[in-house]
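File shown here: protein35.txt, holding compact mmCIF, C-alpha atoms and all ligand atoms.
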# COMPACT_ATOMS: atom_id res chain seq x y z
CA MET R 1 38.45 -0.97 -5.02
CA THR R 2 35.14 -2.79 -4.78
CA LEU R 3 31.56 -2.00 -3.82
CA GLN R 4 29.31 -4.15 -1.65
CA VAL R 5 25.93 -3.95 -3.37
CA ARG R 6 22.68 -5.20 -1.86
CA VAL R 7 20.13 -5.74 -4.65
CA TRP R 8 16.42 -6.54 -4.25
CA ARG R 9 15.52 -9.97 -5.65
CA GLY R 10 12.05 -11.38 -6.22
CA THR R 11 8.68 -9.68 -5.84
CA GLU R 12 7.03 -7.85 -2.91
CA ASP R 13 8.09 -10.54 -0.44
CA GLY R 14 11.61 -10.91 -1.85
CA SER R 15 14.87 -10.03 -0.08
CA PHE R 16 18.22 -8.39 -0.72
CA GLN R 17 21.13 -10.31 -2.24
CA THR R 18 24.69 -9.02 -1.88
CA PHE R 19 27.17 -8.74 -4.76
CA GLU R 20 30.74 -7.48 -4.92
CA VAL R 21 31.28 -5.13 -7.85
CA PRO R 22 34.52 -3.46 -9.06
CA ARG R 23 34.50 0.31 -8.53
CA TYR R 24 35.88 2.81 -11.03
CA ALA R 25 35.83 6.52 -11.80
CA SER R 26 32.60 8.11 -13.12
CA GLN R 27 30.67 4.88 -12.53
CA THR R 28 26.90 5.25 -12.39
CA VAL R 29 24.45 3.17 -10.37
CA LEU R 30 23.10 1.84 -13.66
CA ASP R 31 26.65 0.71 -14.54
CA VAL R 32 26.71 -1.24 -11.26
CA VAL R 33 23.40 -2.98 -11.98
CA THR R 34 24.50 -3.73 -15.54
CA HIS R 35 27.79 -5.25 -14.29
CA ILE R 36 25.85 -7.55 -11.97
CA GLN R 37 23.48 -8.66 -14.72
CA ARG R 38 26.22 -9.19 -17.33
CA HIS R 39 28.95 -10.73 -15.16
CA LEU R 40 27.49 -12.09 -11.93
CA ASP R 41 23.83 -13.07 -12.37
CA PRO R 42 22.15 -12.90 -15.80
CA THR R 43 18.73 -13.55 -14.20
CA LEU R 44 18.66 -10.09 -12.57
CA ALA R 45 15.72 -8.11 -13.98
CA TYR R 46 16.00 -4.34 -14.41
CA ARG R 47 14.95 -1.72 -16.96
CA TYR R 48 16.70 1.03 -18.88
CA ALA R 49 16.86 2.36 -22.43
CA CYS R 50 18.65 5.62 -23.20
CA ARG R 51 21.37 5.77 -20.48
CA VAL R 52 21.45 9.57 -20.88
CA GLY R 53 18.53 10.83 -18.76
CA MET R 54 15.90 11.04 -21.47
CA CYS R 55 13.66 7.97 -21.39
CA GLY R 56 12.80 7.84 -17.68
CA SER R 57 12.91 4.04 -17.50
CA CYS R 58 15.88 3.44 -15.16
CA ALA R 59 14.51 4.84 -11.87
CA MET R 60 15.16 2.74 -8.76
CA THR R 61 15.51 3.22 -5.01
CA VAL R 62 19.17 3.80 -4.15
CA ASN R 63 20.19 3.85 -0.49
CA GLY R 64 16.59 4.59 0.42
CA ARG R 65 15.86 7.36 -2.11
CA ALA R 66 14.26 7.26 -5.54
CA ARG R 67 16.71 8.29 -8.28
CA TRP R 68 17.33 8.00 -12.01
CA THR R 69 20.20 5.53 -11.97
CA CYS R 70 21.81 6.35 -15.32
CA ARG R 71 22.64 9.88 -14.14
CA THR R 72 23.44 9.01 -10.52
CA HIS R 73 27.15 8.65 -9.87
CA VAL R 74 28.24 6.03 -7.36
CA ASP R 75 30.64 8.54 -5.77
CA ASN R 76 27.66 10.73 -4.82
CA VAL R 77 25.55 8.03 -3.18
CA ALA R 78 27.78 5.18 -1.90
CA ARG R 79 28.20 5.07 1.87
CA ASN R 80 31.35 3.31 3.10
CA ASP R 81 31.64 1.59 -0.29
CA ARG R 82 28.12 0.18 0.06
CA LEU R 83 25.00 0.57 -2.04
CA GLU R 84 21.48 -0.74 -1.56
CA ILE R 85 19.40 -0.85 -4.74
CA GLY R 86 15.70 -1.68 -4.81
CA PRO R 87 12.64 -1.14 -7.00
CA LEU R 88 10.67 2.13 -6.87
CA ARG R 89 8.32 2.46 -3.90
CA ASN R 90 4.52 2.87 -4.32
CA LEU R 91 4.36 0.58 -7.38
CA PRO R 92 3.85 -3.21 -7.66
CA VAL R 93 7.11 -5.11 -8.16
CA ILE R 94 7.13 -7.39 -11.20
CA ARG R 95 10.54 -8.86 -10.39
CA ASP R 96 13.80 -7.65 -8.84
CA LEU R 97 14.23 -3.98 -9.86
CA VAL R 98 11.34 -3.83 -12.32
CA THR R 99 8.09 -2.19 -11.23
CA ASP R 100 4.73 -2.29 -12.95
CA MET R 101 4.14 1.27 -14.25
CA ARG R 102 0.57 0.70 -15.46
CA GLU R 103 -1.16 2.36 -12.51
CA PHE R 104 1.26 5.29 -12.74
CA PHE R 105 0.34 5.98 -16.38
CA ASP R 106 -3.34 5.08 -15.91
CA LYS R 107 -3.42 7.99 -13.48
CA TRP R 108 -2.12 10.32 -16.22
CA ALA R 109 -5.16 9.25 -18.26
CA ARG R 110 -7.47 9.75 -15.24
CA ALA R 111 -6.06 13.28 -14.85
CA LYS R 112 -6.98 13.87 -18.52
CA GLY R 113 -3.35 13.99 -19.53
CA GLN R 114 -4.10 13.72 -23.26
CA PHE R 115 -3.84 16.89 -25.35
CA LYS R 116 -7.08 17.84 -27.10
CA GLY R 117 -6.77 20.67 -29.61
CA SER R 118 -9.19 22.09 -32.17
CA ARG R 119 -7.15 21.84 -35.39
CA THR R 120 -7.39 19.05 -37.91
CA ARG R 121 -4.60 17.56 -40.01
CA ASN R 122 -5.66 19.90 -42.81
CA ASP R 123 -4.92 23.02 -40.75
CA ASP R 124 -1.59 24.72 -40.24
CA PHE R 125 0.31 24.11 -36.99
CA GLU R 126 -0.99 26.13 -34.08
CA LYS R 127 2.01 27.97 -32.66
CA VAL R 128 2.66 28.69 -28.97
CA VAL R 129 4.56 31.90 -28.27
CA PRO R 130 7.38 30.99 -25.84
CA GLN R 131 7.38 34.35 -24.04
CA THR R 132 3.77 34.32 -22.81
CA THR R 133 3.13 34.10 -19.06
CA GLU R 134 1.06 30.96 -19.59
CA ARG R 135 3.81 29.21 -21.52
CA LYS R 136 6.54 30.27 -19.10
CA ALA R 137 4.55 28.83 -16.16
CA VAL R 138 5.12 25.35 -17.58
CA ASP R 139 8.65 25.73 -18.97
CA ALA R 140 9.99 23.14 -16.52
CA GLY R 141 6.86 20.98 -16.29
CA ILE R 142 6.78 20.04 -19.97
CA GLU R 143 10.24 18.46 -19.60
CA CYS R 144 8.85 15.57 -17.50
CA ILE R 145 10.28 12.23 -18.63
CA GLY R 146 7.73 10.08 -16.76
CA CYS R 147 10.37 8.42 -14.60
CA GLY R 148 8.14 7.93 -11.54
CA VAL R 149 10.73 9.25 -9.05
CA CYS R 150 8.30 11.86 -7.66
CA TYR R 151 5.50 9.30 -7.41
CA SER R 152 7.75 6.94 -5.51
CA ALA R 153 8.82 9.73 -3.14
CA CYS R 154 5.26 10.89 -2.34
CA ASN R 155 3.96 9.85 1.09
CA VAL R 156 0.38 10.72 0.13
CA VAL R 157 0.52 8.12 -2.67
CA ALA R 158 1.82 5.63 -0.09
CA ALA R 159 -1.08 6.39 2.27
CA ASN R 160 -3.79 6.83 -0.36
CA PRO R 161 -3.21 4.65 -3.44
CA ALA R 162 -6.05 6.38 -5.30
CA TYR R 163 -4.22 9.73 -5.22
CA LEU R 164 -3.33 10.76 -8.77
CA GLY R 165 0.16 11.75 -7.66
CA PRO R 166 2.63 14.48 -8.61
CA ALA R 167 3.50 13.38 -12.15
CA ALA R 168 -0.07 13.05 -13.42
CA LEU R 169 -1.01 16.36 -11.79
CA ASN R 170 2.06 18.04 -13.27
CA ARG R 171 0.92 16.79 -16.68
CA ALA R 172 -2.58 18.16 -16.08
CA TRP R 173 -1.04 21.50 -15.07
CA THR R 174 0.96 21.77 -18.30
CA LEU R 175 -2.22 21.21 -20.32
CA VAL R 176 -4.28 23.65 -18.27
CA LYS R 177 -1.71 26.29 -19.23
CA ASP R 178 -1.69 25.28 -22.91
CA GLU R 179 -3.61 27.93 -24.85
CA ARG R 180 -4.46 25.42 -27.62
CA GLU R 181 -6.14 23.02 -25.20
CA MET R 182 -9.93 22.58 -25.55
CA SER R 183 -10.90 20.29 -22.66
CA ASN R 184 -9.74 22.12 -19.55
CA PRO R 185 -13.13 22.18 -17.74
CA ASP R 186 -13.16 18.35 -17.96
CA ARG R 187 -9.54 18.21 -16.83
CA LEU R 188 -10.14 20.49 -13.85
CA ARG R 189 -13.14 18.36 -12.84
CA ALA R 190 -10.91 15.27 -13.07
CA VAL R 191 -8.22 16.68 -10.78
CA ALA R 192 -10.60 18.38 -8.31
CA GLY R 193 -11.92 15.18 -6.70
CA ASP R 194 -10.81 13.45 -3.49
CA ALA R 195 -7.96 11.70 -5.32
CA GLY R 196 -6.86 14.93 -7.00
CA CYS R 197 -4.81 17.96 -6.13
CA HIS R 198 -6.60 18.76 -2.84
CA ALA R 199 -5.14 15.54 -1.37
CA CYS R 200 -1.61 16.95 -1.74
CA HIS R 201 -0.07 17.84 1.63
CA THR R 202 2.58 20.08 0.03
CA HIS R 203 5.39 17.96 1.49
CA MET R 204 7.64 18.92 -1.43
CA ASP R 205 9.29 15.46 -1.54
CA CYS R 206 8.36 15.21 -5.22
CA THR R 207 9.97 18.56 -5.96
CA GLU R 208 13.13 17.75 -4.01
CA ARG R 209 13.57 14.41 -5.77
CA CYS R 210 12.64 15.24 -9.39
CA PRO R 211 15.78 14.75 -11.49
CA LYS R 212 14.52 17.28 -14.06
CA HIS R 213 14.12 20.03 -11.43
CA ILE R 214 10.38 20.22 -11.99
CA SER R 215 8.17 21.39 -9.13
CA PRO R 216 4.99 19.31 -9.21
CA THR R 217 4.14 20.99 -5.90
CA ALA R 218 3.94 24.38 -7.64
CA GLY R 219 1.86 22.91 -10.46
CA ILE R 220 -0.55 21.34 -7.96
CA ALA R 221 -0.89 24.71 -6.18
CA GLY R 222 -1.61 26.29 -9.60
CA LEU R 223 -4.30 23.67 -10.30
CA LYS R 224 -5.99 24.43 -6.98
CA LYS R 225 -6.21 28.11 -7.95
CA GLU R 226 -7.55 27.29 -11.42
CA ILE R 227 -10.22 25.05 -9.86
CA VAL R 228 -11.41 27.89 -7.62
CA LYS R 229 -11.51 30.29 -10.58
CA ALA R 230 -13.43 27.77 -12.73
CA ALA R 231 -15.87 27.14 -9.87
CA LEU R 232 -16.51 30.88 -9.53
CA ARG R 233 -17.18 31.03 -13.26
CA GLY R 234 -19.69 28.21 -12.82
CA GLU R 235 -17.74 25.83 -15.06
CA LEU R 236 -17.33 22.96 -12.59
S1 LIG X 301 3.97 17.99 -2.60
FE1 LIG X 301 2.09 16.80 -2.87
S2 LIG X 301 2.49 15.47 -4.64
FE2 LIG X 301 4.48 16.26 -3.93
S3 LIG X 301 5.28 14.67 -2.55
FE3 LIG X 301 4.18 16.17 -1.31
S4 LIG X 301 2.07 15.36 -1.12
FE4 LIG X 301 3.09 14.27 -2.84
S1 LIG X 302 7.89 15.21 -12.54
FE1 LIG X 302 10.11 14.75 -12.42
S2 LIG X 302 10.26 12.98 -11.05
FE2 LIG X 302 8.12 13.14 -11.68
S3 LIG X 302 7.95 11.74 -13.43
FE3 LIG X 302 8.36 13.80 -14.25
S4 LIG X 302 10.59 13.90 -14.45
FE4 LIG X 302 10.15 12.16 -13.14
S1 LIG X 303 18.12 5.02 -18.97
FE1 LIG X 303 16.87 6.59 -19.84
S2 LIG X 303 16.65 8.02 -18.21
FE2 LIG X 303 18.02 6.54 -17.40
Take the structure from the file and write it as structure tokens.
Ligand code: SF4
Ligand code: SF4
Ligand code: FES
Amino acid sequence: MTLQVRVWRGTEDGSFQTFEVPRYASQTVLDVVTHIQRHLDPTLAYRYACRVGMCGSCAMTVNGRARWTCRTHVDNVARNDRLEIGPLRNLPVIRDLVTDMREFFDKWARAKGQFKGSRTRNDDFEKVVPQTTERKAVDAGIECIGCGVCYSACNVVAANPAYLGPAALNRAWTLVKDEREMSNPDRLRAVAGDAGCHACHTHMDCTERCPKHISPTAGIAGLKKEIVKAALRGEL
């Protein structure tokens, strides 16, 4: 049994190249890409690290949809023994399957995605009680692995490259709900602008595609409510 695999080669103006790859049980899409690079064309560029769904580095577009490739089984996505594998959408292509993630993570910084607490290294750890409503609201969101799948799936990012996007806004949401956090007025100001959460059209593509079952859409809706409350308090 073999697979016909079309793989993106080159940069933005590249094209697909077809490879024939042996097929076997429990094979992942990342296994397919690795076979091509190790046995058919060592110049193929791609990225991965953990192979177990933790690092977020292996995301690619597989048969038209963004996915984490190390946890995507060929049996679930191949159509008529064919696969098409490309780089993530909405990001510049460095080469082949490797995208430039700088803008993606710069947007986390623009959404004030850095934790800012009040304790110093001389203080005891500040504990967060897991059962509080605030903490439970971000149970899923804090598991984000920064894979970029949601960002690649978002049509608003495609239409408006300045839009902060679902991952950065999900990060902001987790910090807004963190009771230790000291800089939430700044954070809410950062995500309230034209490129922030009000640009979201609630398409839910991010939520449908997130491999960690996070709902950035729900977090963005939560941010909108927090912005209104902060505005009424006169904090924005
Ligand atoms: S819900 Fe918002 S962030 Fe998510 S894909 Fe749709 S427009 Fe993008
Ligand atoms: S929210 Fe989900 S899809 Fe988006 S970067 Fe985080 S883990 Fe990946
Ligand atoms: S290689 Fe780490 S998440 Fe896929």
Residue list as a PyMOL selection string for point (1.8, 8.0, -14.0), cut-off 7 Å, only C-alpha atoms: chain R and resi 103-108+146+148+167-168
Taking only residues of chain R that have an atom at most 7 Å from an atom of ligand LIG 301 (chain X), what is each one's shortest atom pair and its distance in Å to one decimal, using only C-alpha atoms and all ligand atoms, in chain and number order, as a Markdown table?
| residue | atom | partner | partner_atom | distance |
| --- | --- | --- | --- | --- |
| R:Cys150 | CA | X:LIG301 | S3 | 6.6 |
| R:Ala153 | CA | X:LIG301 | S3 | 6.1 |
| R:Cys154 | CA | X:LIG301 | S3 | 3.8 |
| R:Asn155 | CA | X:LIG301 | FE4 | 6.0 |
| R:Val156 | CA | X:LIG301 | S4 | 5.1 |
| R:Val157 | CA | X:LIG301 | FE4 | 6.7 |
| R:Gly165 | CA | X:LIG301 | S2 | 5.3 |
| R:Pro166 | CA | X:LIG301 | S2 | 4.1 |
| R:Cys200 | CA | X:LIG301 | FE1 | 3.9 |
| R:His201 | CA | X:LIG301 | S4 | 4.3 |
| R:Thr202 | CA | X:LIG301 | S1 | 3.6 |
| R:His203 | CA | X:LIG301 | FE3 | 3.5 |
| R:Met204 | CA | X:LIG301 | S1 | 4.0 |
| R:Asp205 | CA | X:LIG301 | S3 | 4.2 |
| R:Cys206 | CA | X:LIG301 | S3 | 4.1 |
| R:Thr207 | CA | X:LIG301 | FE2 | 6.3 |
| R:Pro216 | CA | X:LIG301 | FE2 | 6.1 |
| R:Thr217 | CA | X:LIG301 | S1 | 4.5 |
Using all atoms listed in the file, which protein or nucleic acid residues come within 8 Å of Ala199 in chain R? Drop anything in the same chain fewer than 4 positions from it, and give the result as a list in words. Val156, Tyr163, Asp194 and Ala195 of chain R
Where is the centre and how long are the edges: axis-aligned box on ligand LIG 303 (chain X), 5 Å on each side, Å to one decimal, as AutoDock Vina command-line options:
--center_x 17.4 --center_y 6.5 --center_z -18.6 --size_x 11.5 --size_y 13.0 --size_z 12.4
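If all atoms listed in the file are the atoms counted, then among R:Lys177, R:Arg9, R:His39, R:His213 the closest residue to Glu226 in chain R is R:Lys177.
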